[in-house]
file protein_3.txt (compact mmCIF, C-alpha atoms)
# COMPACT_ATOMS: atom_id res chain seq x y z
CA MET A 38 11.36 -22.50 -14.35
CA THR A 39 7.74 -21.91 -15.14
CA GLY A 40 5.61 -18.90 -14.37
CA ASN A 41 3.01 -16.65 -15.89
CA HIS A 42 3.13 -15.52 -19.49
CA ASN A 43 4.39 -12.00 -18.80
CA TYR A 44 7.26 -13.28 -16.67
CA GLN A 45 8.34 -15.86 -19.25
CA PHE A 46 8.08 -13.30 -22.04
CA SER A 47 10.24 -10.85 -20.08
CA ILE A 48 12.87 -13.56 -19.53
CA LEU A 49 12.98 -14.30 -23.26
CA ASN A 50 13.35 -10.61 -24.08
CA TYR A 51 16.08 -10.28 -21.46
CA LYS A 52 18.12 -13.13 -22.90
CA ASN A 53 17.72 -11.83 -26.44
CA LYS A 54 18.66 -8.27 -25.39
CA HIS A 55 21.95 -9.34 -23.85
CA GLY A 56 22.70 -12.38 -26.00
CA PHE A 57 22.53 -14.82 -23.08
CA GLU A 58 21.73 -18.48 -23.67
CA HIS A 59 20.58 -19.08 -20.11
CA PHE A 60 18.92 -17.33 -17.20
CA GLU A 61 19.64 -19.21 -13.99
CA PRO A 62 19.08 -16.86 -11.01
CA LYS A 63 21.22 -17.57 -7.98
CA ALA A 64 21.23 -14.16 -6.28
CA VAL A 65 18.81 -11.27 -5.82
CA LEU A 66 20.25 -7.79 -5.27
CA PHE A 67 17.85 -5.36 -3.60
CA ASP A 68 17.93 -1.61 -3.40
CA MET A 69 17.15 -0.42 0.13
CA ASP A 70 15.14 2.83 0.21
CA GLY A 71 11.71 2.39 -1.30
CA VAL A 72 12.22 -1.34 -1.83
CA LEU A 73 12.92 -3.00 1.52
CA VAL A 74 12.32 0.08 3.68
CA ASN A 75 9.47 2.57 3.19
CA SER A 76 11.82 5.50 3.75
CA MET A 77 11.49 7.58 0.59
CA PRO A 78 8.75 9.96 1.83
CA LEU A 79 11.02 10.85 4.76
CA HIS A 80 14.09 11.16 2.56
CA ALA A 81 12.21 13.55 0.28
CA ILE A 82 11.40 15.84 3.22
CA ALA A 83 14.97 15.68 4.55
CA TRP A 84 16.37 16.51 1.11
CA GLN A 85 14.09 19.51 0.67
CA LYS A 86 14.78 20.95 4.14
CA SER A 87 18.53 20.41 4.07
CA MET A 88 19.17 21.70 0.58
CA ALA A 89 17.11 24.83 1.29
CA THR A 90 19.67 25.77 3.96
CA PHE A 91 22.29 25.91 1.19
CA GLY A 92 20.12 27.94 -1.17
CA LEU A 93 19.18 24.95 -3.32
CA LYS A 94 15.70 24.00 -4.42
CA MET A 95 14.85 20.31 -4.45
CA THR A 96 11.33 19.01 -4.90
CA ALA A 97 9.90 15.70 -3.75
CA GLU A 98 9.88 14.57 -7.38
CA ASP A 99 13.57 15.46 -7.64
CA ALA A 100 14.25 13.24 -4.63
CA TYR A 101 12.52 10.28 -6.26
CA MET A 102 14.09 10.87 -9.67
CA THR A 103 17.63 11.01 -8.22
CA GLU A 104 17.05 8.19 -5.73
CA GLY A 105 19.77 5.58 -5.83
CA ALA A 106 22.58 7.92 -6.80
CA ARG A 107 25.26 8.73 -4.26
CA GLY A 108 24.06 11.70 -2.26
CA ILE A 109 27.25 13.67 -2.87
CA ASP A 110 26.85 13.19 -6.62
CA THR A 111 23.28 14.49 -6.51
CA ILE A 112 24.40 17.54 -4.54
CA ARG A 113 27.26 18.36 -6.90
CA ILE A 114 24.87 18.22 -9.85
CA MET A 115 22.35 20.48 -8.10
CA VAL A 116 25.02 23.04 -7.22
CA ARG A 117 26.32 23.00 -10.79
CA ARG A 118 22.86 23.51 -12.28
CA GLN A 119 21.44 26.00 -9.80
CA GLN A 120 24.50 27.95 -8.67
CA ASN A 121 26.73 27.53 -11.71
CA ARG A 122 29.74 26.44 -9.70
CA GLU A 123 31.72 23.28 -9.01
CA ILE A 124 32.24 21.86 -5.54
CA ASP A 125 34.53 19.02 -4.47
CA GLU A 126 33.45 15.82 -2.74
CA GLN A 127 34.42 17.19 0.67
CA GLU A 128 32.04 20.15 0.42
CA ALA A 129 29.31 17.93 -1.00
CA GLN A 130 29.84 15.52 1.90
CA ARG A 131 29.38 18.33 4.43
CA MET A 132 26.10 19.24 2.77
CA TYR A 133 25.03 15.59 2.68
CA ASP A 134 25.84 15.30 6.38
CA GLU A 135 23.20 17.97 7.04
CA LYS A 136 20.66 15.96 5.09
CA ALA A 137 21.60 12.87 7.11
CA ARG A 138 21.32 14.84 10.36
CA ILE A 139 17.77 15.96 9.53
CA PHE A 140 16.77 12.46 8.46
CA ALA A 141 18.08 11.05 11.75
CA THR A 142 15.70 13.31 13.70
CA MET A 143 12.67 11.89 11.92
CA LYS A 144 10.61 8.85 12.86
CA LYS A 145 11.98 5.46 11.91
CA PRO A 146 10.60 4.30 8.56
CA ARG A 147 8.64 1.09 8.41
CA LEU A 148 9.77 -1.98 6.55
CA MET A 149 8.09 -2.37 3.19
CA TYR A 150 5.03 -4.60 3.30
CA GLY A 151 5.99 -8.09 2.12
CA ALA A 152 9.76 -7.53 2.42
CA ARG A 153 10.51 -10.12 5.07
CA SER A 154 8.18 -12.66 3.50
CA LEU A 155 9.88 -12.21 0.13
CA LEU A 156 13.37 -12.62 1.56
CA ARG A 157 12.22 -15.67 3.50
CA GLU A 158 10.85 -17.20 0.31
CA LEU A 159 14.10 -16.53 -1.55
CA LYS A 160 16.17 -18.03 1.26
CA LYS A 161 13.96 -21.13 1.22
CA ARG A 162 14.74 -21.49 -2.48
CA GLY A 163 18.49 -21.31 -1.82
CA MET A 164 18.97 -17.84 -3.32
CA GLN A 165 21.64 -15.45 -2.09
CA VAL A 166 20.37 -12.03 -1.07
CA ALA A 167 22.39 -8.80 -1.09
CA ILE A 168 21.59 -5.11 -0.71
CA VAL A 169 22.99 -2.48 -3.06
CA THR A 170 22.18 1.03 -1.89
CA GLY A 171 23.23 4.54 -2.80
CA SER A 172 22.79 5.47 0.85
CA GLY A 173 25.68 6.34 3.10
CA GLN A 174 23.63 6.84 6.26
CA ARG A 175 25.08 4.28 8.64
CA PRO A 176 22.25 4.31 11.21
CA LEU A 177 19.76 3.29 8.53
CA ILE A 178 22.11 0.63 7.20
CA ASN A 179 22.71 -0.74 10.71
CA ARG A 180 18.98 -0.97 11.24
CA LEU A 181 18.67 -2.81 7.95
CA LEU A 182 21.28 -5.36 9.02
CA LYS A 183 19.41 -5.83 12.28
CA ASP A 184 15.94 -6.16 10.74
CA PHE A 185 17.08 -8.48 7.96
CA GLY A 186 19.97 -10.16 9.77
CA GLU A 187 18.68 -13.66 9.08
CA PHE A 188 18.93 -12.99 5.33
CA ILE A 189 21.94 -10.72 4.81
CA ASP A 190 25.27 -9.83 6.41
CA GLU A 191 27.92 -7.13 5.99
CA GLU A 192 29.63 -9.15 3.25
CA HIS A 193 26.48 -8.95 1.12
CA LEU A 194 26.10 -5.18 1.36
CA VAL A 195 27.17 -2.44 -1.06
CA THR A 196 26.84 1.21 0.01
CA ALA A 197 27.63 4.61 -1.46
CA TYR A 198 31.13 4.48 0.00
CA ASP A 199 32.06 1.19 -1.67
CA VAL A 200 32.11 2.58 -5.22
CA LYS A 201 33.51 5.65 -6.96
CA ARG A 202 30.65 5.77 -9.44
CA GLY A 203 27.15 5.27 -8.10
CA LYS A 204 23.89 4.51 -9.87
CA PRO A 205 23.01 4.85 -12.79
CA HIS A 206 26.46 3.37 -13.49
CA ALA A 207 26.74 -0.40 -13.33
CA ASP A 208 29.49 -0.34 -10.69
CA PRO A 209 27.32 -0.88 -7.56
CA TYR A 210 25.57 -3.91 -9.01
CA LEU A 211 28.75 -5.31 -10.52
CA LEU A 212 30.26 -5.17 -7.04
CA GLY A 213 27.13 -6.83 -5.67
CA MET A 214 27.58 -9.66 -8.17
CA LYS A 215 31.24 -9.98 -7.18
CA LYS A 216 30.26 -10.31 -3.52
CA CYS A 217 27.75 -13.02 -4.44
CA GLY A 218 30.06 -14.74 -6.94
CA THR A 219 27.47 -14.59 -9.72
CA HIS A 220 27.37 -13.66 -13.41
CA PRO A 221 24.76 -11.23 -14.80
CA TRP A 222 22.57 -14.07 -16.12
CA GLU A 223 22.54 -15.51 -12.59
CA THR A 224 21.51 -12.24 -10.97
CA VAL A 225 18.21 -10.44 -10.38
CA VAL A 226 18.06 -6.76 -9.40
CA VAL A 227 15.01 -5.30 -7.63
CA GLU A 228 14.70 -1.51 -7.89
CA ASN A 229 12.10 1.23 -7.50
CA ALA A 230 13.88 4.22 -9.04
CA PRO A 231 14.90 5.15 -12.61
CA LEU A 232 18.60 5.53 -11.78
CA GLY A 233 18.65 2.19 -9.99
CA VAL A 234 16.89 0.47 -12.87
CA LYS A 235 19.45 1.92 -15.28
CA ALA A 236 22.26 0.63 -13.08
CA GLY A 237 20.82 -2.88 -13.00
CA VAL A 238 20.35 -2.89 -16.76
CA ALA A 239 23.88 -1.53 -17.30
CA ALA A 240 25.18 -4.45 -15.21
CA LYS A 241 23.17 -6.79 -17.50
CA ALA A 242 21.22 -8.29 -14.60
CA PHE A 243 17.56 -9.20 -14.96
CA THR A 244 16.07 -5.99 -13.57
CA ILE A 245 12.71 -5.92 -11.82
CA ALA A 246 11.05 -2.58 -11.11
CA VAL A 247 8.70 -2.29 -8.15
CA ASN A 248 6.82 1.00 -8.29
CA THR A 249 6.39 1.97 -4.65
CA GLY A 250 6.49 5.74 -5.18
CA PRO A 251 4.68 8.53 -7.03
CA LEU A 252 6.50 8.20 -10.35
CA PRO A 253 4.57 6.88 -13.35
CA ASP A 254 5.28 3.31 -14.45
CA SER A 255 6.67 4.74 -17.67
CA ALA A 256 9.59 6.32 -15.79
CA LEU A 257 10.74 2.85 -14.75
CA LEU A 258 9.92 1.00 -17.95
CA GLU A 259 11.64 3.63 -20.08
CA SER A 260 14.71 3.23 -17.90
CA GLY A 261 14.92 -0.35 -19.14
CA ALA A 262 13.18 -2.49 -16.50
CA ASP A 263 12.63 -6.04 -17.74
CA ILE A 264 9.36 -6.35 -15.85
CA LEU A 265 7.37 -4.16 -13.45
CA PHE A 266 5.25 -4.90 -10.39
CA SER A 267 2.99 -2.53 -8.49
CA SER A 268 4.30 -3.59 -5.07
CA LEU A 269 6.79 -5.86 -3.34
CA ASN A 270 3.91 -8.07 -2.29
CA ARG A 271 2.85 -8.53 -5.92
CA LEU A 272 6.41 -9.62 -6.68
CA LEU A 273 6.19 -12.11 -3.82
CA VAL A 274 3.03 -13.57 -5.32
CA GLU A 275 4.86 -14.07 -8.63
CA VAL A 276 7.90 -15.63 -6.97
CA ARG A 277 5.65 -18.15 -5.25
CA ARG A 278 4.13 -19.08 -8.62
CA VAL A 279 7.51 -19.77 -10.22
CA LYS A 280 8.67 -23.39 -9.91
call {"tool": "encode", "arguments": {"input": "protein_3.txt", "output": "structure tokens"}}
result
Amino acid sequence: MTGNHNYQFSILNYKNKHGFEHFEPKAVLFDMDGVLVNSMPLHAIAWQKSMATFGLKMTAEDAYMTEGARGIDTIRIMVRRQQNREIDEQEAQRMYDEKARIFATMKKPRLMYGARSLLRELKKRGMQVAIVTGSGQRPLINRLLKDFGEFIDEEHLVTAYDVKRGKPHADPYLLGMKKCGTHPWETVVVENAPLGVKAGVAAKAFTIAVNTGPLPDSALLESGADILFSSLNRLLVEVRRVK
């Protein structure tokens, strides 16, 4: 494989960091919100409105910083920090259901610019594509399967309900690798959130950060991203340059 200097340098650093002799990508695992679907601005609003009904304060920045984690885990942490009490998964799920209800009343988010072109390019190169999301909102996931049906199927999908430990733990991406039948050095993760980046790095995949939100680049790089792009379309340009 050949590409630009920054890409090749990041590959070398990646192999040295994990002690891998080779990097032979065969599968690309994508986060959903903020990567393939431009849904994060809407999620941020839904989080703020829903949590306010339970006496919890959540800012838009909080929504972006906790993006990728299982919703019930985020809620349990907020309740612990703000109300000094513990709640079980069932109560957290009821609260998350309210967030999902509000989100469902909002306009449908657009696909991220360049998403379909990128997946088409990867498919042309014989790469497997999977989606690893912390979301548990089935309507959004169903829409994803419909919009990207020519690239992915149910067997190449990991959701919040498929793992006990969500991002930033490695579990979601390890399951994604299992579904694709790949090793870490054969896997690329594409993320836009600090927790997701940490999960990809913990799984020892080559982790690409695409900064599609309001967070500074440093938030993603300090989480361990191997390389960062300013948009999905910029990543597509790089993919097309790699032979």
call {"tool": "residues_around", "arguments": {"input": "protein_3.txt", "residues": "Ala262 of chain A", "least_positions_apart": "5", "cutoff": "12 Å", "atoms": "all atoms listed in the file", "output": "mmCIF file with C-alpha atoms, keeping the file's coordinate frame"}}
result
data_model
loop_
_atom_site.group_PDB
_atom_site.id
_atom_site.type_symbol
_atom_site.label_atom_id
_atom_site.label_comp_id
_atom_site.auth_asym_id
_atom_site.auth_seq_id
_atom_site.Cartn_x
_atom_site.Cartn_y
_atom_site.Cartn_z
ATOM 1 C CA SER A 47 10.240 -10.850 -20.080
ATOM 2 C CA ILE A 48 12.870 -13.560 -19.530
ATOM 3 C CA ASN A 50 13.350 -10.610 -24.080
ATOM 4 C CA TYR A 51 16.080 -10.280 -21.460
ATOM 5 C CA LYS A 54 18.660 -8.270 -25.390
ATOM 6 C CA VAL A 225 18.210 -10.440 -10.380
ATOM 7 C CA VAL A 226 18.060 -6.760 -9.400
ATOM 8 C CA VAL A 227 15.010 -5.300 -7.630
ATOM 9 C CA GLU A 228 14.700 -1.510 -7.890
ATOM 10 C CA ASN A 229 12.100 1.230 -7.500
ATOM 11 C CA ALA A 230 13.880 4.220 -9.040
ATOM 12 C CA PRO A 231 14.900 5.150 -12.610
ATOM 13 C CA LEU A 232 18.600 5.530 -11.780
ATOM 14 C CA GLY A 233 18.650 2.190 -9.990
ATOM 15 C CA VAL A 234 16.890 0.470 -12.870
ATOM 16 C CA LYS A 235 19.450 1.920 -15.280
ATOM 17 C CA ALA A 236 22.260 0.630 -13.080
ATOM 18 C CA GLY A 237 20.820 -2.880 -13.000
ATOM 19 C CA VAL A 238 20.350 -2.890 -16.760
ATOM 20 C CA ALA A 239 23.880 -1.530 -17.300
ATOM 21 C CA LYS A 241 23.170 -6.790 -17.500
ATOM 22 C CA ALA A 242 21.220 -8.290 -14.600
ATOM 23 C CA PHE A 243 17.560 -9.200 -14.960
ATOM 24 C CA THR A 244 16.070 -5.990 -13.570
ATOM 25 C CA ILE A 245 12.710 -5.920 -11.820
ATOM 26 C CA ALA A 246 11.050 -2.580 -11.110
ATOM 27 C CA VAL A 247 8.700 -2.290 -8.150
ATOM 28 C CA ASN A 248 6.820 1.000 -8.290
ATOM 29 C CA ASP A 254 5.280 3.310 -14.450
ATOM 30 C CA SER A 255 6.670 4.740 -17.670
ATOM 31 C CA ALA A 256 9.590 6.320 -15.790
ATOM 32 C CA LEU A 257 10.740 2.850 -14.750
#
call {"tool": "closest_residue", "arguments": {"input": "protein_3.txt", "among": "A:Ile264, A:Leu258, A:Leu93, A:Ala81", "to": "Gln120 of chain A", "atoms": "all atoms listed in the file"}}
result
A:Leu93
call {"tool": "atom_distance", "arguments": {"input": "protein_3.txt", "atom1": "atom CA of Leu182 of chain A", "atom2": "atom CA of Leu211 of chain A"}}
result
20.9 Å
call {"tool": "closest_residue", "arguments": {"input": "protein_3.txt", "among": "A:Val195, A:Ile82, A:Ile189, A:Met69", "to": "Arg157 of chain A", "atoms": "only C-alpha atoms"}}
result
A:Ile189
call {"tool": "closest_residue", "arguments": {"input": "protein_3.txt", "among": "A:Lys204, A:Arg107, A:Lys215, A:Lys63", "to": "Lys160 of chain A", "atoms": "all atoms listed in the file"}}
result
A:Lys63
call {"tool": "atom_distance", "arguments": {"input": "protein_3.txt", "atom1": "atom CA of Pro78 of chain A", "atom2": "atom CA of Gly213 of chain A"}}
result
26.0 Å
call {"tool": "atom_distance", "arguments": {"input": "protein_3.txt", "atom1": "atom CA of Arg147 of chain A", "atom2": "atom CA of Phe185 of chain A"}}
result
12.8 Å
call {"tool": "residues_around", "arguments": {"input": "protein_3.txt", "residues": "segment 110-115 of chain A", "least_positions_apart": "4", "cutoff": "10 Å", "atoms": "only C-alpha atoms", "output": "list in words"}}
result
Trp84, Met88, Leu93, Lys94, Met95, Asp99, Ala100, Thr103, Glu104, Gly105, Ala106, Gln119, Gln120, Asn121, Arg122, Glu123, Ile124, Asp125, Glu126, Glu128, Ala129, Gln130, Met132, Tyr133, Arg202, Gly203 and Lys204 of chain A
call {"tool": "write_last_selection", "arguments": {"input": "protein_3.txt", "atoms": "C-alpha atoms", "output": "CSV table (one decimal), in the frame of the given file"}}
result
chain,number,residue,atom,x,y,z
A,84,TRP,CA,16.4,16.5,1.1
A,88,MET,CA,19.2,21.7,0.6
A,93,LEU,CA,19.2,25.0,-3.3
A,94,LYS,CA,15.7,24.0,-4.4
A,95,MET,CA,14.8,20.3,-4.4
A,99,ASP,CA,13.6,15.5,-7.6
A,100,ALA,CA,14.2,13.2,-4.6
A,103,THR,CA,17.6,11.0,-8.2
A,104,GLU,CA,17.0,8.2,-5.7
A,105,GLY,CA,19.8,5.6,-5.8
A,106,ALA,CA,22.6,7.9,-6.8
A,119,GLN,CA,21.4,26.0,-9.8
A,120,GLN,CA,24.5,28.0,-8.7
A,121,ASN,CA,26.7,27.5,-11.7
A,122,ARG,CA,29.7,26.4,-9.7
A,123,GLU,CA,31.7,23.3,-9.0
A,124,ILE,CA,32.2,21.9,-5.5
A,125,ASP,CA,34.5,19.0,-4.5
A,126,GLU,CA,33.4,15.8,-2.7
A,128,GLU,CA,32.0,20.2,0.4
A,129,ALA,CA,29.3,17.9,-1.0
A,130,GLN,CA,29.8,15.5,1.9
A,132,MET,CA,26.1,19.2,2.8
A,133,TYR,CA,25.0,15.6,2.7
A,202,ARG,CA,30.6,5.8,-9.4
A,203,GLY,CA,27.2,5.3,-8.1
A,204,LYS,CA,23.9,4.5,-9.9
call {"tool": "closest_residue", "arguments": {"input": "protein_3.txt", "among": "A:Asn270, A:His193, A:Tyr210, A:Asp134", "to": "Arg153 of chain A", "atoms": "all atoms listed in the file"}}
result
A:Asn270
call {"tool": "residues_around", "arguments": {"input": "protein_3.txt", "residues": "Leu159 of chain A", "least_positions_apart": "4", "cutoff": "10 Å", "atoms": "all atoms listed in the file", "output": "ChimeraX atom specification"}}
result
/A:63-65,153-155,163-166,188,273,276-277
call {"tool": "residues_around", "arguments": {"input": "protein_3.txt", "residues": "Leu269 of chain A", "least_positions_apart": "2", "cutoff": "9 Å", "atoms": "all atoms listed in the file", "output": "VMD selection string"}}
result
chain A and resid 72 to 73 149 to 152 155 247 to 249 266 to 267 271 to 274
call {"tool": "closest_residue", "arguments": {"input": "protein_3.txt", "among": "A:Ala97, A:Ala240, A:Ala167, A:Ala83", "to": "Thr196 of chain A", "atoms": "all atoms listed in the file"}}
result
A:Ala167
call {"tool": "closest_residue", "arguments": {"input": "protein_3.txt", "among": "A:Gly56, A:Gly186, A:Gly71, A:Gly173", "to": "Pro251 of chain A", "atoms": "only C-alpha atoms"}}
result
A:Gly71
call {"tool": "decode", "arguments": {"input": "protein_3.txt", "residues": "segment 66-90 of chain A", "atoms": "N, CA, C and O atoms", "output": "compact mmCIF listing (two decimals), in the first residue's frame"}}
result
# COMPACT_ATOMS: atom_id res chain seq x y z
N LEU A 66 -14.80 -0.83 10.20
CA LEU A 66 -15.91 -0.77 11.14
C LEU A 66 -16.25 0.69 11.40
O LEU A 66 -15.42 1.44 11.91
N PHE A 67 -17.46 1.09 11.07
CA PHE A 67 -17.89 2.47 11.20
C PHE A 67 -18.81 2.66 12.40
O PHE A 67 -19.70 1.84 12.65
N ASP A 68 -18.60 3.75 13.12
CA ASP A 68 -19.62 4.22 14.03
C ASP A 68 -20.76 4.75 13.17
O ASP A 68 -20.58 5.02 11.97
N MET A 69 -21.94 4.94 13.76
CA MET A 69 -23.09 5.41 12.99
C MET A 69 -23.32 6.91 13.15
O MET A 69 -23.13 7.69 12.20
N ASP A 70 -23.73 7.34 14.34
CA ASP A 70 -24.07 8.75 14.57
C ASP A 70 -22.84 9.63 14.43
O ASP A 70 -21.82 9.41 15.08
N GLY A 71 -22.95 10.64 13.57
CA GLY A 71 -21.84 11.56 13.40
C GLY A 71 -20.77 11.07 12.45
O GLY A 71 -19.82 11.81 12.14
N VAL A 72 -20.91 9.84 11.96
CA VAL A 72 -19.95 9.31 10.99
C VAL A 72 -20.68 9.02 9.67
O VAL A 72 -20.38 9.61 8.64
N LEU A 73 -21.63 8.11 9.70
CA LEU A 73 -22.40 7.80 8.49
C LEU A 73 -23.68 8.64 8.41
O LEU A 73 -24.17 8.91 7.31
N VAL A 74 -24.21 9.01 9.56
CA VAL A 74 -25.46 9.78 9.61
C VAL A 74 -25.22 11.07 10.40
O VAL A 74 -24.65 11.04 11.49
N ASN A 75 -25.66 12.19 9.84
CA ASN A 75 -25.46 13.49 10.49
C ASN A 75 -26.55 13.72 11.54
O ASN A 75 -27.36 14.65 11.45
N SER A 76 -26.54 12.88 12.56
CA SER A 76 -27.63 12.86 13.54
C SER A 76 -27.27 13.48 14.88
O SER A 76 -28.15 13.70 15.71
N MET A 77 -26.01 13.79 15.10
CA MET A 77 -25.60 14.24 16.43
C MET A 77 -26.25 15.55 16.89
O MET A 77 -26.62 15.68 18.06
N PRO A 78 -26.43 16.54 16.03
CA PRO A 78 -27.12 17.76 16.49
C PRO A 78 -28.51 17.47 17.04
O PRO A 78 -28.94 18.06 18.03
N LEU A 79 -29.22 16.52 16.39
CA LEU A 79 -30.55 16.15 16.85
C LEU A 79 -30.48 15.34 18.14
O LEU A 79 -31.30 15.52 19.05
N HIS A 80 -29.52 14.45 18.22
CA HIS A 80 -29.35 13.68 19.45
C HIS A 80 -29.08 14.61 20.63
O HIS A 80 -29.60 14.38 21.73
N ALA A 81 -28.26 15.61 20.41
CA ALA A 81 -27.91 16.54 21.50
C ALA A 81 -29.17 17.23 22.04
O ALA A 81 -29.35 17.35 23.26
N ILE A 82 -30.05 17.65 21.14
CA ILE A 82 -31.30 18.29 21.56
C ILE A 82 -32.18 17.31 22.32
O ILE A 82 -32.74 17.62 23.37
N ALA A 83 -32.31 16.08 21.78
CA ALA A 83 -33.14 15.07 22.42
C ALA A 83 -32.61 14.71 23.81
O ALA A 83 -33.40 14.52 24.75
N TRP A 84 -31.30 14.63 23.95
CA TRP A 84 -30.71 14.34 25.25
C TRP A 84 -31.04 15.45 26.24
O TRP A 84 -31.45 15.19 27.38
N GLN A 85 -30.85 16.68 25.83
CA GLN A 85 -31.08 17.80 26.75
C GLN A 85 -32.53 17.87 27.20
O GLN A 85 -32.83 18.03 28.39
N LYS A 86 -33.47 17.73 26.26
CA LYS A 86 -34.89 17.82 26.59
C LYS A 86 -35.33 16.65 27.47
O LYS A 86 -36.05 16.84 28.46
N SER A 87 -34.92 15.46 27.13
CA SER A 87 -35.38 14.28 27.87
C SER A 87 -34.81 14.24 29.27
O SER A 87 -35.53 13.95 30.24
N MET A 88 -33.54 14.52 29.42
CA MET A 88 -32.94 14.44 30.74
C MET A 88 -33.47 15.53 31.67
O MET A 88 -33.56 15.34 32.88
N ALA A 89 -33.86 16.67 31.10
CA ALA A 89 -34.42 17.75 31.91
C ALA A 89 -35.71 17.30 32.60
O ALA A 89 -36.02 17.74 33.71
N THR A 90 -36.45 16.39 31.96
CA THR A 90 -37.70 15.91 32.56
C THR A 90 -37.43 15.05 33.79
O THR A 90 -38.34 14.82 34.60
